[in-house]
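Before any comments, here is the structure.
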Amino acid sequence: MHFEELAWGRTGFGDELFFGALNTIAIAFAAFAVGLALGQLGAVSKIYGGPVARFIAGFYTTVFRAVPELVLIFILFYAGTRGISTVSQALGFGPAQVNEMMAAILVLGVVQGAYATEVIRGAIQAIPQGQIEAARAYGMSGAQVFRRIIVPAMLPLALPGLTNLWLIVIKDTALISVVGGSPELAQATKKAAGFTKHYFLFYLAAGAIYLAINLGSNPIVSYIERKLRRGQAKLT
């Protein structure tokens with residue numbers, strides 16, 4: 001093993017892997033936030049929306065959960081960037097240069113949103129209807145019921161599923177390396193391994209870094225869960 005190639009600075013690629021890991025976390029966090037927003041919109045559309053909203057949300061979740069993620073990433077990345085460039089040219093601005101990191105965030109966020117929709121929908125439907133009916137009886141508007149009753153009651157129920165989605169999106173950032181040059185961990189590992197030809201060493205190191213990121217997320221998730229479940233009875 002040529003562990004000296006993992007050193008920091010000119011003698012190794014340790015700094016490239018480190019900054020790649022930071023970019024992986026940044027991309028994953030931003031994509032998770034986009035997916036969470038889309039998931040809330042999709043869940044509300046499925047439960048409370050009209051026929052058109054329910055159809056659109058159902059089509060979105062069905063397609064994006066049925067088609068393999070790598071295929072979706074290829075379609076969204078190339079179709080999305082080409083579409084933006086086409087619109088830019090039509091408006092007279094010339095070909096548009098799409099930021100690859102932003103494209104990665106949006107692509108992963110759209111894929112995440114389909115899964116988040118079902119997680120949040122299930123959590124909302126698990127809330128006792130008596131709580132919602134009582135809030136309406138007190139004269140709360142639909143927005144107030146959602147903000148004051150549904151969201152606080154839904155979050156603890158949705159957290160286990162959303163935690164799984166967070167772990168998945170960290171791993172899915174590696175898929176972006178096959179379509180673009182977004183400077184995340186998998187791309188940095190690919191470049192380092194290709195330059196040194198020591199593929200086993202660098203991919204082993206990358207696997208250890210992904211594992212460390214996921215393990216490091218566990219205390220944060222546990223802290224958030226304790227905060228969300230504060231005042232609730234513990235199951236024994």
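Chain labels A, B, ... are given in the sequence in which chains occur in the structure tokens; within each chain residues are numbered consecutively from 1, and ligands are likewise numbered from 1 in the order shown.
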Determine, using only C-alpha atoms, which residues of region 64-177 of chain A have any atom at most 12 Å from an atom of region 21-25 of chain A, and tabulate each with its shortest atom pair and distance in Å to one decimal place, rows ordered by chain and then rising number, as JSON lines.
{"residue": "A:Met101", "atom": "CA", "partner": "A:Asn23", "partner_atom": "CA", "distance": 8.9}
{"residue": "A:Met102", "atom": "CA", "partner": "A:Asn23", "partner_atom": "CA", "distance": 11.6}
{"residue": "A:Ala104", "atom": "CA", "partner": "A:Thr24", "partner_atom": "CA", "distance": 10.4}
{"residue": "A:Ile105", "atom": "CA", "partner": "A:Thr24", "partner_atom": "CA", "distance": 10.2}
{"residue": "A:Leu108", "atom": "CA", "partner": "A:Thr24", "partner_atom": "CA", "distance": 11.9}
{"residue": "A:Trp166", "atom": "CA", "partner": "A:Ile25", "partner_atom": "CA", "distance": 10.3}
{"residue": "A:Leu167", "atom": "CA", "partner": "A:Ile25", "partner_atom": "CA", "distance": 10.7}
{"residue": "A:Val169", "atom": "CA", "partner": "A:Ile25", "partner_atom": "CA", "distance": 9.5}
{"residue": "A:Ile170", "atom": "CA", "partner": "A:Thr24", "partner_atom": "CA", "distance": 6.9}
{"residue": "A:Lys171", "atom": "CA", "partner": "A:Thr24", "partner_atom": "CA", "distance": 9.0}
{"residue": "A:Asp172", "atom": "CA", "partner": "A:Thr24", "partner_atom": "CA", "distance": 9.6}
{"residue": "A:Thr173", "atom": "CA", "partner": "A:Thr24", "partner_atom": "CA", "distance": 6.5}
{"residue": "A:Ala174", "atom": "CA", "partner": "A:Thr24", "partner_atom": "CA", "distance": 8.3}
{"residue": "A:Leu175", "atom": "CA", "partner": "A:Thr24", "partner_atom": "CA", "distance": 11.2}
{"residue": "A:Ile176", "atom": "CA", "partner": "A:Thr24", "partner_atom": "CA", "distance": 10.2}
{"residue": "A:Ser177", "atom": "CA", "partner": "A:Thr24", "partner_atom": "CA", "distance": 10.9}
Taking the DSSP secondary structure from the backbone, can you list the residues of region 52-214 of chain A that are helix (DSSP H, G or I), as a ChimeraX atom specification?
/A:52-66,69-90,100-125,129-137,142-178,185-196,199-214
Which neighbours of Ala192 (chain A) fall inside 9 Å, counting only C-alpha atoms, when residues of the same chain fewer than 4 positions from it are skipped, and could you give them as a list in words?
Gly12, Phe13, Glu16, Leu17, Gln187, Ala188, Thr196, Lys197, His198, Tyr199 and Phe202 of chain A
Within 7 Å of region 38-44 of chain A, counting only C-alpha atoms, which residues qualify if same-chain residues fewer than 5 places away don't, as a PyMOL selection string?
chain A and resi 49+57+113-114+116-118+120-121
Neighbours of Val151 (chain A) within 12 Å (only C-alpha atoms; same-chain residues fewer than 6 positions away dropped), as JSON, numbers by chain?
{"A": [40, 43, 44, 120, 121, 123, 124, 125, 127, 132, 143, 144, 145, 157, 158, 159, 228]}
Residue selection dump (C-alpha atoms) as an mmCIF file, in the first residue's frame:
data_model
loop_
_atom_site.group_PDB
_atom_site.id
_atom_site.type_symbol
_atom_site.label_atom_id
_atom_site.label_comp_id
_atom_site.auth_asym_id
_atom_site.auth_seq_id
_atom_site.Cartn_x
_atom_site.Cartn_y
_atom_site.Cartn_z
ATOM 1 C CA GLN A 40 -43.762 18.517 1.331
ATOM 2 C CA ALA A 43 -47.404 15.107 0.000
ATOM 3 C CA VAL A 44 -49.782 18.041 0.448
ATOM 4 C CA ILE A 120 -44.062 12.749 4.484
ATOM 5 C CA ARG A 121 -47.440 11.612 3.145
ATOM 6 C CA ALA A 123 -46.341 10.602 8.371
ATOM 7 C CA ILE A 124 -49.181 13.090 7.817
ATOM 8 C CA GLN A 125 -51.739 10.317 7.425
ATOM 9 C CA ILE A 127 -51.493 11.859 12.674
ATOM 10 C CA ILE A 132 -56.741 18.261 13.079
ATOM 11 C CA ALA A 143 -52.333 27.225 6.813
ATOM 12 C CA GLN A 144 -52.438 27.530 10.611
ATOM 13 C CA VAL A 145 -53.482 23.898 10.999
ATOM 14 C CA LEU A 157 -43.030 10.276 12.505
ATOM 15 C CA ALA A 158 -41.211 11.148 9.284
ATOM 16 C CA LEU A 159 -37.728 11.419 10.797
ATOM 17 C CA LEU A 228 -38.653 16.675 18.159
#
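Residue nearest Gln112 (chain A), chosen from A:Gly139, A:Pro68, A:Gly35, A:Pro156 and counting only C-alpha atoms: A:Gly35.
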Quick one: residues within 12 Å of Leu211 (chain A), only C-alpha atoms counted, chain neighbours fewer than 3 positions away excluded, as JSON, numbers by chain?
{"A": [21, 167, 168, 170, 171, 204, 205, 206, 207, 208, 214, 215, 216, 217, 218]}
Store the residues of this selection in a file with C-alpha atoms, as a PDB file, in the first residue's frame.
ATOM      1  CA  ALA A  21     -15.690  15.135   1.007  1.00  0.00           C
ATOM      2  CA  LEU A 167     -27.906   8.528   4.022  1.00  0.00           C
ATOM      3  CA  ILE A 168     -29.000   7.619   0.495  1.00  0.00           C
ATOM      4  CA  ILE A 170     -24.810  11.053   0.466  1.00  0.00           C
ATOM      5  CA  LYS A 171     -24.157   7.881  -1.495  1.00  0.00           C
ATOM      6  CA  LEU A 204     -10.822   2.042  -0.125  1.00  0.00           C
ATOM      7  CA  ALA A 205     -10.048   5.464   1.338  1.00  0.00           C
ATOM      8  CA  ALA A 206     -13.169   6.927  -0.295  1.00  0.00           C
ATOM      9  CA  GLY A 207     -15.308   4.129   1.141  1.00  0.00           C
ATOM     10  CA  ALA A 208     -13.922   4.850   4.598  1.00  0.00           C
ATOM     11  CA  ASN A 214     -22.687   8.540   7.617  1.00  0.00           C
ATOM     12  CA  LEU A 215     -21.542   7.520  11.091  1.00  0.00           C
ATOM     13  CA  GLY A 216     -20.960  11.175  11.938  1.00  0.00           C
ATOM     14  CA  SER A 217     -24.558  11.921  10.961  1.00  0.00           C
ATOM     15  CA  ASN A 218     -25.971   9.545  13.600  1.00  0.00           C
TER      16      ASN A 218
END
Separation of CA of Glu133 (chain A) from CA of Ala153 (chain A), in Å and rounded to one decimal:
13.9 Å
